[in-house]
Amino acid sequence: MASDTGGAWWSGAVGYEIYVRSFADSSGDGIGDLRGVTDHLDHLADLGIDVLWLTPFYPTPGFDHGYDVSDYCAVDPAHGTLEDFENLTTAAHERGLKVVIDLVPNHTSADHPWFRDALANPDGPRRDYYVWEDPAPDGGPPNNWVSHFGGPAWTHDPVSGQYYCHLFLPEQPDLNWANPAVVAEFDRILMFWADQGVDGFRIDVAHGLVKDPLRRDNSLIRPLTPDMGPVEVFESFAHDHDLDQNANIEIFRGWNRLLEPRNLVLIGEIGVTDQERAARYVADGDGLHEMFFLESTYLPWDPPAWRNALTGLQPLAPTGVSWVLSCHDRPRAVTRFGGGARGAERAFALATFIMGLGGTPFIYQGEELGLPDGRVRPGHVSDPLAVRNPGSDEVGRDGCRTPMPWTGGPTNGFSPSGRSWLPSDDRPVELTVAAQSGDPASMLNRYRDLIAFRHRTPALWEEPLRWLDSETDVLLGRRPRVLMVLNMAPDRREIPLVGGPWALAFGSRCGSCCSPAPQSLVVEPETCLILTRE
Ligand code: NOJ
């Protein structure tokens, strides 16, 4: 049974991902910070956003740009102070914005005191906070698990002779979620932030916490070849023993019970490709409330693939998906969809369509400007996925992480010093917030219009959706008082309308409108239309 978000505060909300390092730098050190976020909250309020997701801002050595946490209950000096966080939360709440923070429970940083203690004291109580195993009989890693970032998922500790597990970098050792002490530590961390006034958590690698206790090999689904990059190698395994173990869901049930009195939202990153398996994380509404399903951040403009992704998953989790087109881990939708004006139109057509799919759509910073990926200056590649795999064709995730363009000029107003941790070409002025803000035809104002349309049209999410038969490249979603049409084809399509009279309420190419729809509707290429009726 699908979860029912009923009267939850996030029903009908629109979210926004802030990649903190690249959003706005107030101090001038070239690294985005919490004060920078606070300074730009009006941009988000004007856009109509309801919920912010802040990527990690905790103390970190920065091997994975903050997803390697060395203290879960503090703020990295590069991003500010706890007081800055408090001010941000207060200022956000004053504007009606909820604040969701990123929790990274699959792994800590190797610099975390728990891991240092685990290394230094193999017989101490922290050792079992992590996943340790003896070597295989040949002295190599205990099994065939591989890291997302290349190489085995095991690193040898010469002092104890054992291996520790890391699904990401060796500097990101995986926690042992079979240990009740780890569960208790995270209960404490969750309550710490609940007491700081956060409104929820985005849970990193939520599908990865529990590992097979027998540490069995993953099955191989296609042969490995020497020319494969790290992502291809990772995707060549079924991950039946390192990811998506049933016991993950129990952990989130515990968190749900703990946080329910505070009315916080739990949104998991679910990197599971099988839709039915992914949907079970939100199925009963007593664990995670929503999930980021990653396929929609991978797909190019491929109508059959989108049909499968949207019409397959939505019925399995009608209110349980935080729909996203872009995020800080994948090329931006505009780029994936071919770039330029056409890529931007395609992205806006899909952005319009996902507003009616139920769950909370999240916009990734800059998506509201129609941004393609940025261009990092040669010699400044920063993402470990690329840096740690020289010689592979892995370009890494920097292109979607370049600074948010606020104005013209150096770093597009990202930093007062004109510095950026990720030196990149400045964006043309027409792609900045300043230029688009006052232009009624800009992508920014089209997003404002779209979000306002969603807010004034509860029939877009409050009533059940069913999918109508249609040609492969045309998606037709019907709610009792809403009809959504997405024509992904490169040519016009004619849709016979039944069950009307319908009125055209929003079009990805024409914005808010209110005109009676004829009996049969001609939909322009690569366009989304939303019709409503009494
Ligand atoms: C998913 C995050 O979105 C990504 O940026 C990070 O590298 C991995 N999890 C590991 O924490």
# chains A, B, ... in the order shown; residues from 1 in each chain; ligands from 1
>>> residues_around(residues="Ala13 in chain A", least_positions_apart="2", cutoff="7 Å", atoms="only C-alpha atoms", output="ChimeraX atom specification")
/A:10-11,15,50,360
>>> write_last_selection(atoms="N, CA, C and O atoms", output="PDB file, in the first residue's frame")
ATOM      1  N   TRP A  10       4.424  18.673   4.178  1.00  0.00           N
ATOM      2  CA  TRP A  10       5.117  18.663   2.888  1.00  0.00           C
ATOM      3  C   TRP A  10       4.191  18.298   1.719  1.00  0.00           C
ATOM      4  O   TRP A  10       4.625  18.344   0.576  1.00  0.00           O
ATOM      5  N   SER A  11       2.917  17.987   1.977  1.00  0.00           N
ATOM      6  CA  SER A  11       2.006  17.729   0.850  1.00  0.00           C
ATOM      7  C   SER A  11       1.886  18.982   0.004  1.00  0.00           C
ATOM      8  O   SER A  11       1.554  20.048   0.525  1.00  0.00           O
ATOM      9  N   GLY A  15      10.398  21.730  -3.261  1.00  0.00           N
ATOM     10  CA  GLY A  15      11.703  21.786  -2.595  1.00  0.00           C
ATOM     11  C   GLY A  15      12.781  22.371  -3.493  1.00  0.00           C
ATOM     12  O   GLY A  15      12.592  22.543  -4.704  1.00  0.00           O
ATOM     13  N   ASP A  50       9.157  26.010  -0.814  1.00  0.00           N
ATOM     14  CA  ASP A  50       8.655  25.729   0.539  1.00  0.00           C
ATOM     15  C   ASP A  50       9.704  25.056   1.423  1.00  0.00           C
ATOM     16  O   ASP A  50       9.669  25.194   2.638  1.00  0.00           O
ATOM     17  N   THR A 360       7.088  15.454  -3.518  1.00  0.00           N
ATOM     18  CA  THR A 360       7.653  16.807  -3.495  1.00  0.00           C
ATOM     19  C   THR A 360       8.691  16.968  -4.587  1.00  0.00           C
ATOM     20  O   THR A 360       9.762  16.365  -4.503  1.00  0.00           O
TER      21      THR A 360
END
>>> residues_around(residues="Asp426 in chain A", least_positions_apart="2", cutoff="7 Å", atoms="only C-alpha atoms", output="MDAnalysis selection string")
chainID A and resid 410:412 424 428
>>> residues_around(residues="range 450-457 of chain A", least_positions_apart="6", cutoff="9 Å", atoms="only C-alpha atoms", output="PDB file with all heavy atoms, in the first residue's frame")
ATOM      1  N   GLY A  12       2.131  18.867  -1.268  1.00  0.00           N
ATOM      2  CA  GLY A  12       1.986  20.013  -2.165  1.00  0.00           C
ATOM      3  C   GLY A  12       3.171  20.965  -2.153  1.00  0.00           C
ATOM      4  O   GLY A  12       3.175  21.955  -2.885  1.00  0.00           O
ATOM      5  N   ALA A  13       4.180  20.647  -1.330  1.00  0.00           N
ATOM      6  CA  ALA A  13       5.336  21.564  -1.231  1.00  0.00           C
ATOM      7  C   ALA A  13       6.246  21.436  -2.453  1.00  0.00           C
ATOM      8  O   ALA A  13       6.201  20.448  -3.180  1.00  0.00           O
ATOM      9  CB  ALA A  13       6.132  21.253   0.041  1.00  0.00           C
ATOM     10  N   VAL A  14       7.076  22.458  -2.649  1.00  0.00           N
ATOM     11  CA  VAL A  14       8.109  22.419  -3.683  1.00  0.00           C
ATOM     12  C   VAL A  14       9.457  22.623  -2.979  1.00  0.00           C
ATOM     13  O   VAL A  14       9.612  23.542  -2.168  1.00  0.00           O
ATOM     14  CB  VAL A  14       7.889  23.523  -4.744  1.00  0.00           C
ATOM     15  CG1 VAL A  14       9.025  23.519  -5.769  1.00  0.00           C
ATOM     16  CG2 VAL A  14       6.545  23.322  -5.448  1.00  0.00           C
ATOM     17  N   LEU A  47      10.780  32.726  -5.452  1.00  0.00           N
ATOM     18  CA  LEU A  47      10.562  31.636  -6.413  1.00  0.00           C
ATOM     19  C   LEU A  47       9.343  30.805  -6.009  1.00  0.00           C
ATOM     20  O   LEU A  47       8.749  30.116  -6.840  1.00  0.00           O
ATOM     21  CB  LEU A  47      11.842  30.781  -6.453  1.00  0.00           C
ATOM     22  CG  LEU A  47      11.987  29.630  -7.401  1.00  0.00           C
ATOM     23  CD1 LEU A  47      11.736  30.060  -8.841  1.00  0.00           C
ATOM     24  CD2 LEU A  47      13.400  29.025  -7.281  1.00  0.00           C
ATOM     25  N   GLY A  48       9.000  30.847  -4.728  1.00  0.00           N
ATOM     26  CA  GLY A  48       7.830  30.101  -4.252  1.00  0.00           C
ATOM     27  C   GLY A  48       8.194  28.791  -3.569  1.00  0.00           C
ATOM     28  O   GLY A  48       7.341  27.942  -3.330  1.00  0.00           O
ATOM     29  N   ILE A  49       9.489  28.665  -3.241  1.00  0.00           N
ATOM     30  CA  ILE A  49       9.970  27.420  -2.617  1.00  0.00           C
ATOM     31  C   ILE A  49       9.401  27.277  -1.203  1.00  0.00           C
ATOM     32  O   ILE A  49       9.217  28.258  -0.482  1.00  0.00           O
ATOM     33  CB  ILE A  49      11.522  27.459  -2.583  1.00  0.00           C
ATOM     34  CG1 ILE A  49      12.079  27.493  -4.001  1.00  0.00           C
ATOM     35  CG2 ILE A  49      12.096  26.324  -1.758  1.00  0.00           C
ATOM     36  CD1 ILE A  49      11.722  26.330  -4.878  1.00  0.00           C
ATOM     37  N   ALA A 351       9.894  19.585 -16.053  1.00  0.00           N
ATOM     38  CA  ALA A 351       9.704  20.219 -14.733  1.00  0.00           C
ATOM     39  C   ALA A 351       8.217  20.504 -14.515  1.00  0.00           C
ATOM     40  O   ALA A 351       7.701  20.380 -13.398  1.00  0.00           O
ATOM     41  CB  ALA A 351      10.519  21.502 -14.640  1.00  0.00           C
ATOM     42  N   THR A 352       7.538  20.887 -15.578  1.00  0.00           N
ATOM     43  CA  THR A 352       6.095  21.155 -15.476  1.00  0.00           C
ATOM     44  C   THR A 352       5.357  19.858 -15.174  1.00  0.00           C
ATOM     45  O   THR A 352       4.503  19.799 -14.283  1.00  0.00           O
ATOM     46  CB  THR A 352       5.587  21.762 -16.808  1.00  0.00           C
ATOM     47  OG1 THR A 352       6.342  22.941 -17.090  1.00  0.00           O
ATOM     48  CG2 THR A 352       4.108  22.100 -16.740  1.00  0.00           C
ATOM     49  N   MET A 355       5.434  18.372 -11.609  1.00  0.00           N
ATOM     50  CA  MET A 355       4.654  19.102 -10.589  1.00  0.00           C
ATOM     51  C   MET A 355       3.345  18.381 -10.277  1.00  0.00           C
ATOM     52  O   MET A 355       2.738  18.614  -9.241  1.00  0.00           O
ATOM     53  CB  MET A 355       4.332  20.512 -11.065  1.00  0.00           C
ATOM     54  CG  MET A 355       5.529  21.421 -11.128  1.00  0.00           C
ATOM     55  SD  MET A 355       6.059  21.921  -9.479  1.00  0.00           S
ATOM     56  CE  MET A 355       7.715  22.493  -9.837  1.00  0.00           C
ATOM     57  N   GLY A 356       2.907  17.526 -11.181  1.00  0.00           N
ATOM     58  CA  GLY A 356       1.614  16.857 -10.968  1.00  0.00           C
ATOM     59  C   GLY A 356       1.737  15.386 -10.631  1.00  0.00           C
ATOM     60  O   GLY A 356       0.739  14.660 -10.683  1.00  0.00           O
ATOM     61  N   ALA A 505      -4.752  25.252 -18.381  1.00  0.00           N
ATOM     62  CA  ALA A 505      -4.387  26.006 -17.177  1.00  0.00           C
ATOM     63  C   ALA A 505      -2.909  26.402 -17.148  1.00  0.00           C
ATOM     64  O   ALA A 505      -2.540  27.445 -16.625  1.00  0.00           O
ATOM     65  CB  ALA A 505      -4.714  25.184 -15.941  1.00  0.00           C
ATOM     66  N   PHE A 506      -2.035  25.539 -17.700  1.00  0.00           N
ATOM     67  CA  PHE A 506      -0.609  25.869 -17.724  1.00  0.00           C
ATOM     68  C   PHE A 506       0.042  25.151 -18.890  1.00  0.00           C
ATOM     69  O   PHE A 506      -0.240  23.980 -19.154  1.00  0.00           O
ATOM     70  CB  PHE A 506       0.087  25.437 -16.418  1.00  0.00           C
ATOM     71  CG  PHE A 506       1.451  26.050 -16.266  1.00  0.00           C
ATOM     72  CD1 PHE A 506       1.617  27.254 -15.600  1.00  0.00           C
ATOM     73  CD2 PHE A 506       2.574  25.450 -16.831  1.00  0.00           C
ATOM     74  CE1 PHE A 506       2.871  27.848 -15.496  1.00  0.00           C
ATOM     75  CE2 PHE A 506       3.829  26.032 -16.731  1.00  0.00           C
ATOM     76  CZ  PHE A 506       3.974  27.237 -16.057  1.00  0.00           C
ATOM     77  N   GLY A 507       0.917  25.844 -19.571  1.00  0.00           N
ATOM     78  CA  GLY A 507       1.656  25.224 -20.667  1.00  0.00           C
ATOM     79  C   GLY A 507       3.124  25.536 -20.514  1.00  0.00           C
ATOM     80  O   GLY A 507       3.494  26.652 -20.144  1.00  0.00           O
ATOM     81  N   SER A 508       3.996  24.550 -20.778  1.00  0.00           N
ATOM     82  CA  SER A 508       5.422  24.805 -20.563  1.00  0.00           C
ATOM     83  C   SER A 508       5.932  25.886 -21.512  1.00  0.00           C
ATOM     84  O   SER A 508       6.908  26.555 -21.210  1.00  0.00           O
ATOM     85  CB  SER A 508       6.244  23.520 -20.700  1.00  0.00           C
ATOM     86  OG  SER A 508       6.112  22.973 -21.981  1.00  0.00           O
ATOM     87  N   GLY A 511       3.047  29.240 -20.289  1.00  0.00           N
ATOM     88  CA  GLY A 511       2.829  29.668 -18.910  1.00  0.00           C
ATOM     89  C   GLY A 511       1.385  29.540 -18.483  1.00  0.00           C
ATOM     90  O   GLY A 511       0.602  28.781 -19.054  1.00  0.00           O
ATOM     91  N   SER A 512       1.028  30.328 -17.468  1.00  0.00           N
ATOM     92  CA  SER A 512      -0.334  30.283 -16.949  1.00  0.00           C
ATOM     93  C   SER A 512      -1.276  30.806 -17.997  1.00  0.00           C
ATOM     94  O   SER A 512      -1.015  31.817 -18.636  1.00  0.00           O
ATOM     95  CB  SER A 512      -0.465  31.167 -15.718  1.00  0.00           C
ATOM     96  OG  SER A 512       0.189  30.581 -14.652  1.00  0.00           O
ATOM     97  N   THR A 532      -7.331  21.728 -16.625  1.00  0.00           N
ATOM     98  CA  THR A 532      -8.122  21.502 -15.417  1.00  0.00           C
ATOM     99  C   THR A 532      -9.597  21.570 -15.769  1.00  0.00           C
ATOM    100  O   THR A 532      -9.984  22.078 -16.829  1.00  0.00           O
ATOM    101  CB  THR A 532      -7.806  22.559 -14.338  1.00  0.00           C
ATOM    102  OG1 THR A 532      -8.006  23.856 -14.908  1.00  0.00           O
ATOM    103  CG2 THR A 532      -6.397  22.455 -13.820  1.00  0.00           C
TER     104      THR A 532
END
>>> closest_residue(among="A:Pro518, A:Gly62, A:Gly197, A:Gly379", to="ligand 1", atoms="only C-alpha atoms and all ligand atoms")
A:Gly62
>>> select_by_dssp(residues="range 77-219 of chain A", states="helix (DSSP H, G or I)", output="compact mmCIF listing (two decimals) with N, CA and C atoms, in the first residue's frame")
# COMPACT_ATOMS: atom_id res chain seq x y z
N LEU A 82 27.64 27.32 14.29
CA LEU A 82 26.29 26.87 14.68
C LEU A 82 25.34 28.06 14.80
N GLU A 83 25.91 29.19 15.23
CA GLU A 83 25.08 30.40 15.32
C GLU A 83 24.58 30.82 13.93
N ASP A 84 25.45 30.68 12.94
CA ASP A 84 25.02 30.99 11.56
C ASP A 84 23.88 30.06 11.15
N PHE A 85 24.01 28.80 11.59
CA PHE A 85 22.95 27.85 11.23
C PHE A 85 21.63 28.26 11.89
N GLU A 86 21.75 28.66 13.14
CA GLU A 86 20.54 29.07 13.87
C GLU A 86 19.90 30.29 13.17
N ASN A 87 20.76 31.24 12.78
CA ASN A 87 20.23 32.43 12.10
C ASN A 87 19.58 32.07 10.78
N LEU A 88 20.21 31.12 10.07
CA LEU A 88 19.64 30.69 8.78
C LEU A 88 18.24 30.09 9.01
N THR A 89 18.17 29.19 9.97
CA THR A 89 16.89 28.51 10.23
C THR A 89 15.82 29.52 10.63
N THR A 90 16.20 30.45 11.49
CA THR A 90 15.23 31.46 11.92
C THR A 90 14.77 32.29 10.73
N ALA A 91 15.72 32.74 9.92
CA ALA A 91 15.36 33.59 8.77
C ALA A 91 14.53 32.81 7.76
N ALA A 92 14.85 31.51 7.59
CA ALA A 92 14.06 30.69 6.66
C ALA A 92 12.64 30.55 7.19
N HIS A 93 12.52 30.22 8.47
CA HIS A 93 11.19 30.04 9.04
C HIS A 93 10.36 31.32 8.97
N GLU A 94 11.02 32.46 9.15
CA GLU A 94 10.29 33.74 9.04
C GLU A 94 9.67 33.91 7.65
N PRO A 113 36.58 10.96 15.09
CA PRO A 113 37.20 10.34 16.27
C PRO A 113 36.82 8.87 16.43
N TRP A 114 35.62 8.50 15.99
CA TRP A 114 35.24 7.07 16.11
C TRP A 114 36.19 6.20 15.30
N PHE A 115 36.51 6.64 14.08
CA PHE A 115 37.36 5.79 13.23
C PHE A 115 38.81 5.82 13.71
N ARG A 116 39.23 6.98 14.14
CA ARG A 116 40.62 7.06 14.68
C ARG A 116 40.77 6.09 15.84
N ASP A 117 39.76 6.06 16.70
CA ASP A 117 39.78 5.18 17.86
C ASP A 117 39.72 3.71 17.41
N ALA A 118 38.89 3.47 16.37
CA ALA A 118 38.76 2.09 15.87
C ALA A 118 40.10 1.58 15.33
N LEU A 119 40.85 2.47 14.68
CA LEU A 119 42.16 2.08 14.15
C LEU A 119 43.17 1.88 15.27
N ALA A 120 43.13 2.81 16.22
CA ALA A 120 44.16 2.80 17.28
C ALA A 120 43.91 1.69 18.30
N ARG A 127 35.79 -0.07 17.67
CA ARG A 127 36.20 -0.91 16.53
C ARG A 127 34.96 -1.42 15.77
N ASP A 128 33.99 -1.86 16.55
CA ASP A 128 32.80 -2.47 15.95
C ASP A 128 31.80 -1.43 15.43
N TYR A 129 32.19 -0.15 15.47
CA TYR A 129 31.35 0.88 14.81
C TYR A 129 31.49 0.76 13.30
N PRO A 180 24.16 -1.95 17.72
CA PRO A 180 23.17 -1.05 18.35
C PRO A 180 23.79 0.26 18.84
N ALA A 181 25.09 0.26 19.11
CA ALA A 181 25.72 1.51 19.58
C ALA A 181 25.72 2.55 18.46
N VAL A 182 25.85 2.11 17.20
CA VAL A 182 25.79 3.05 16.07
C VAL A 182 24.36 3.60 15.94
N VAL A 183 23.40 2.72 16.10
CA VAL A 183 22.00 3.16 16.05
C VAL A 183 21.77 4.23 17.12
N ALA A 184 22.27 3.99 18.31
CA ALA A 184 22.07 4.94 19.41
C ALA A 184 22.79 6.27 19.13
N GLU A 185 23.98 6.21 18.54
CA GLU A 185 24.71 7.45 18.21
C GLU A 185 23.87 8.31 17.25
N PHE A 186 23.26 7.66 16.25
CA PHE A 186 22.51 8.45 15.27
C PHE A 186 21.18 8.94 15.83
N ASP A 187 20.60 8.20 16.75
CA ASP A 187 19.40 8.73 17.43
C ASP A 187 19.76 10.05 18.13
N ARG A 188 20.92 10.04 18.73
CA ARG A 188 21.38 11.26 19.44
C ARG A 188 21.62 12.40 18.44
N ILE A 189 22.23 12.07 17.30
CA ILE A 189 22.54 13.10 16.30
C ILE A 189 21.23 13.68 15.72
N LEU A 190 20.28 12.79 15.45
CA LEU A 190 18.99 13.26 14.92
C LEU A 190 18.32 14.22 15.91
N MET A 191 18.36 13.85 17.18
CA MET A 191 17.70 14.70 18.18
C MET A 191 18.45 16.02 18.36
N PHE A 192 19.77 15.97 18.22
CA PHE A 192 20.54 17.22 18.31
C PHE A 192 20.02 18.22 17.28
N TRP A 193 19.86 17.76 16.03
CA TRP A 193 19.43 18.69 14.98
C TRP A 193 17.95 19.02 15.08
N ALA A 194 17.17 18.05 15.57
CA ALA A 194 15.76 18.36 15.80
C ALA A 194 15.66 19.51 16.81
N ASP A 195 16.51 19.46 17.82
CA ASP A 195 16.50 20.53 18.83
C ASP A 195 17.01 21.86 18.26
>>> residues_around(residues="Glu368 in chain A", least_positions_apart="3", cutoff="8 Å", atoms="only C-alpha atoms", output="PyMOL selection string")
chain A and resi 363-365+371+443-444+447
>>> write_last_selection(atoms="all heavy atoms", output="tab-separated table (two decimals), in the first residue's frame")
chain	number	residue	atom	x	y	z
A	363	ILE	N	13.91	21.28	-6.98
A	363	ILE	CA	14.66	21.99	-8.02
A	363	ILE	C	16.09	22.11	-7.52
A	363	ILE	O	16.33	22.42	-6.34
A	363	ILE	CB	14.03	23.39	-8.21
A	363	ILE	CG1	12.64	23.22	-8.84
A	363	ILE	CG2	14.92	24.31	-9.04
A	363	ILE	CD1	11.83	24.49	-8.83
A	364	TYR	N	17.04	21.86	-8.39
A	364	TYR	CA	18.46	21.99	-8.00
A	364	TYR	C	18.94	23.39	-8.33
A	364	TYR	O	18.68	23.89	-9.43
A	364	TYR	CB	19.30	20.94	-8.75
A	364	TYR	CG	20.78	21.06	-8.52
A	364	TYR	CD1	21.31	21.18	-7.23
A	364	TYR	CD2	21.67	21.05	-9.58
A	364	TYR	CE1	22.67	21.28	-7.01
A	364	TYR	CE2	23.05	21.15	-9.38
A	364	TYR	CZ	23.53	21.28	-8.08
A	364	TYR	OH	24.88	21.39	-7.88
A	365	GLN	N	19.67	24.02	-7.42
A	365	GLN	CA	20.07	25.42	-7.59
A	365	GLN	C	20.53	25.71	-9.02
A	365	GLN	O	21.36	25.00	-9.58
A	365	GLN	CB	21.17	25.79	-6.59
A	365	GLN	CG	22.49	25.09	-6.79
A	365	GLN	CD	23.47	25.41	-5.66
A	365	GLN	OE1	23.13	25.41	-4.49
A	365	GLN	NE2	24.72	25.69	-6.01
A	371	LEU	N	19.98	26.62	-16.35
A	371	LEU	CA	21.44	26.45	-16.46
A	371	LEU	C	21.82	25.10	-17.05
A	371	LEU	O	21.34	24.08	-16.59
A	371	LEU	CB	22.07	26.49	-15.06
A	371	LEU	CG	22.39	27.79	-14.38
A	371	LEU	CD1	23.31	27.52	-13.20
A	371	LEU	CD2	23.02	28.79	-15.34
A	443	MET	N	13.47	32.37	-17.88
A	443	MET	CA	13.20	31.06	-17.29
A	443	MET	C	12.89	31.20	-15.80
A	443	MET	O	12.01	30.51	-15.28
A	443	MET	CB	14.42	30.15	-17.51
A	443	MET	CG	14.17	28.69	-17.22
A	443	MET	SD	12.74	28.00	-18.09
A	443	MET	CE	13.46	27.50	-19.64
A	444	LEU	N	13.57	32.12	-15.13
A	444	LEU	CA	13.29	32.31	-13.71
A	444	LEU	C	11.83	32.67	-13.48
A	444	LEU	O	11.16	32.10	-12.61
A	444	LEU	CB	14.22	33.40	-13.15
A	444	LEU	CG	13.98	33.82	-11.70
A	444	LEU	CD1	14.07	32.64	-10.75
A	444	LEU	CD2	14.99	34.90	-11.29
A	447	TYR	N	9.60	29.68	-14.04
A	447	TYR	CA	9.57	28.79	-12.87
A	447	TYR	C	8.70	29.38	-11.76
A	447	TYR	O	7.96	28.67	-11.09
A	447	TYR	CB	10.98	28.49	-12.36
A	447	TYR	CG	11.57	27.23	-12.97
A	447	TYR	CD1	12.31	27.29	-14.14
A	447	TYR	CD2	11.38	25.98	-12.39
A	447	TYR	CE1	12.84	26.13	-14.72
A	447	TYR	CE2	11.90	24.83	-12.95
A	447	TYR	CZ	12.63	24.91	-14.11
A	447	TYR	OH	13.15	23.77	-14.68
>>> residues_near_ligand(ligand="ligand 1", cutoff="6 Å", atoms="only C-alpha atoms and all ligand atoms", output="CSV table (one decimal) with N, CA and C atoms, in the first residue's frame")
chain,number,residue,atom,x,y,z
A,64,ASP,N,35.4,14.2,-0.1
A,64,ASP,CA,34.2,14.1,-0.9
A,64,ASP,C,33.3,15.3,-0.7
A,67,TYR,N,30.8,15.1,2.1
A,67,TYR,CA,30.1,13.8,2.4
A,67,TYR,C,31.1,12.9,3.1
A,204,ASP,N,21.6,10.5,3.1
A,204,ASP,CA,22.6,10.1,2.1
A,204,ASP,C,22.7,8.5,2.0
A,205,VAL,N,22.8,8.0,0.8
A,205,VAL,CA,23.0,6.5,0.6
A,205,VAL,C,22.1,5.7,1.5
A,329,ASP,N,25.1,15.5,-8.3
A,329,ASP,CA,25.8,14.3,-8.7
A,329,ASP,C,25.8,14.0,-10.2
>>> atom_distance(atom1="CA of Gly477 in chain A", atom2="CA of Leu465 in chain A")
6.5 Å
>>> residues_around(residues="Asp174 in chain A", least_positions_apart="2", cutoff="9 Å", atoms="only C-alpha atoms", output="PyMOL selection string")
chain A and resi 105-109+129-131+164-168+172+176-177+209
>>> residues_around(residues="Cys327 in chain A", least_positions_apart="2", cutoff="8 Å", atoms="only C-alpha atoms", output="MDAnalysis selection string")
chainID A and resid 17 297 324:325 329:332 364 400
>>> residues_around(residues="Leu350 in chain A", least_positions_apart="4", cutoff="12 Å", atoms="only C-alpha atoms", output="VMD selection string")
chain A and resid 296 to 297 299 to 303 306 to 307 310 323 to 326 333 to 334 337 343 to 346 354 to 357 361 363 367 447 450 474 to 475 484 to 488 507 to 509 526 to 530
>>> select_by_dssp(residues="range 77-121 of chain A", states="strand (DSSP E)", output="number ranges by chain")
A: 98-103
>>> write_last_selection(atoms="all heavy atoms", output="short mmCIF file (atom, residue, chain, number, x, y, z; two decimals), in the first residue's frame")
data_model
loop_
_atom_site.label_atom_id
_atom_site.label_comp_id
_atom_site.auth_asym_id
_atom_site.auth_seq_id
_atom_site.Cartn_x
_atom_site.Cartn_y
_atom_site.Cartn_z
N LYS A 98 10.89 25.76 5.07
CA LYS A 98 11.35 24.69 5.96
C LYS A 98 12.80 24.33 5.62
O LYS A 98 13.22 24.52 4.46
CB LYS A 98 10.49 23.44 5.77
CG LYS A 98 9.01 23.67 5.97
CD LYS A 98 8.64 23.64 7.42
CE LYS A 98 7.14 23.63 7.59
NZ LYS A 98 6.74 23.71 9.01
N VAL A 99 13.52 23.80 6.58
CA VAL A 99 14.94 23.49 6.37
C VAL A 99 15.19 22.00 6.60
O VAL A 99 14.99 21.49 7.71
CB VAL A 99 15.83 24.32 7.32
CG1 VAL A 99 17.30 23.97 7.12
CG2 VAL A 99 15.59 25.81 7.10
N VAL A 100 15.62 21.33 5.54
CA VAL A 100 15.97 19.91 5.61
C VAL A 100 17.48 19.81 5.47
O VAL A 100 18.05 20.43 4.56
CB VAL A 100 15.24 19.15 4.47
CG1 VAL A 100 15.85 17.77 4.24
CG2 VAL A 100 13.76 19.03 4.76
N ILE A 101 18.12 19.05 6.35
CA ILE A 101 19.59 18.95 6.26
C ILE A 101 19.99 17.53 5.85
O ILE A 101 19.24 16.58 6.01
CB ILE A 101 20.28 19.38 7.57
CG1 ILE A 101 19.89 18.46 8.73
CG2 ILE A 101 19.97 20.83 7.89
CD1 ILE A 101 20.73 18.70 9.98
N ASP A 102 21.21 17.46 5.31
CA ASP A 102 21.73 16.21 4.78
C ASP A 102 22.37 15.43 5.92
O ASP A 102 23.25 15.97 6.62
CB ASP A 102 22.81 16.56 3.72
CG ASP A 102 22.84 15.63 2.56
OD1 ASP A 102 22.78 14.42 2.79
OD2 ASP A 102 22.95 16.11 1.42
N LEU A 103 21.96 14.20 6.09
CA LEU A 103 22.57 13.35 7.10
C LEU A 103 23.34 12.26 6.37
O LEU A 103 22.83 11.70 5.40
CB LEU A 103 21.47 12.73 7.97
CG LEU A 103 21.95 11.93 9.16
CD1 LEU A 103 22.44 12.91 10.25
CD2 LEU A 103 20.83 11.07 9.72
#
>>> decode(residues="range 421-441 of chain A", atoms="C-alpha atoms", output="PDB file, in the first residue's frame")
ATOM      1  CA  TRP A 421      36.871  26.699  -4.779  1.00  0.00           C
ATOM      2  CA  LEU A 422      35.972  25.385  -8.263  1.00  0.00           C
ATOM      3  CA  PRO A 423      37.364  27.883 -10.772  1.00  0.00           C
ATOM      4  CA  SER A 424      35.071  27.920 -13.773  1.00  0.00           C
ATOM      5  CA  ASP A 425      34.115  30.107 -16.693  1.00  0.00           C
ATOM      6  CA  ASP A 426      31.734  32.882 -15.728  1.00  0.00           C
ATOM      7  CA  ARG A 427      28.223  32.449 -17.066  1.00  0.00           C
ATOM      8  CA  PRO A 428      26.800  34.840 -19.636  1.00  0.00           C
ATOM      9  CA  VAL A 429      24.830  37.591 -17.965  1.00  0.00           C
ATOM     10  CA  GLU A 430      21.502  36.333 -19.340  1.00  0.00           C
ATOM     11  CA  LEU A 431      21.906  33.218 -17.195  1.00  0.00           C
ATOM     12  CA  THR A 432      22.097  35.191 -13.929  1.00  0.00           C
ATOM     13  CA  VAL A 433      19.433  35.821 -11.317  1.00  0.00           C
ATOM     14  CA  ALA A 434      19.916  39.590 -11.652  1.00  0.00           C
ATOM     15  CA  ALA A 435      19.247  39.618 -15.394  1.00  0.00           C
ATOM     16  CA  GLN A 436      16.366  37.183 -15.310  1.00  0.00           C
ATOM     17  CA  SER A 437      14.578  38.584 -12.312  1.00  0.00           C
ATOM     18  CA  GLY A 438      13.067  41.583 -14.055  1.00  0.00           C
ATOM     19  CA  ASP A 439      12.418  39.912 -17.396  1.00  0.00           C
ATOM     20  CA  PRO A 440       8.887  38.481 -17.485  1.00  0.00           C
ATOM     21  CA  ALA A 441       9.849  36.037 -20.241  1.00  0.00           C
TER      22      ALA A 441
END
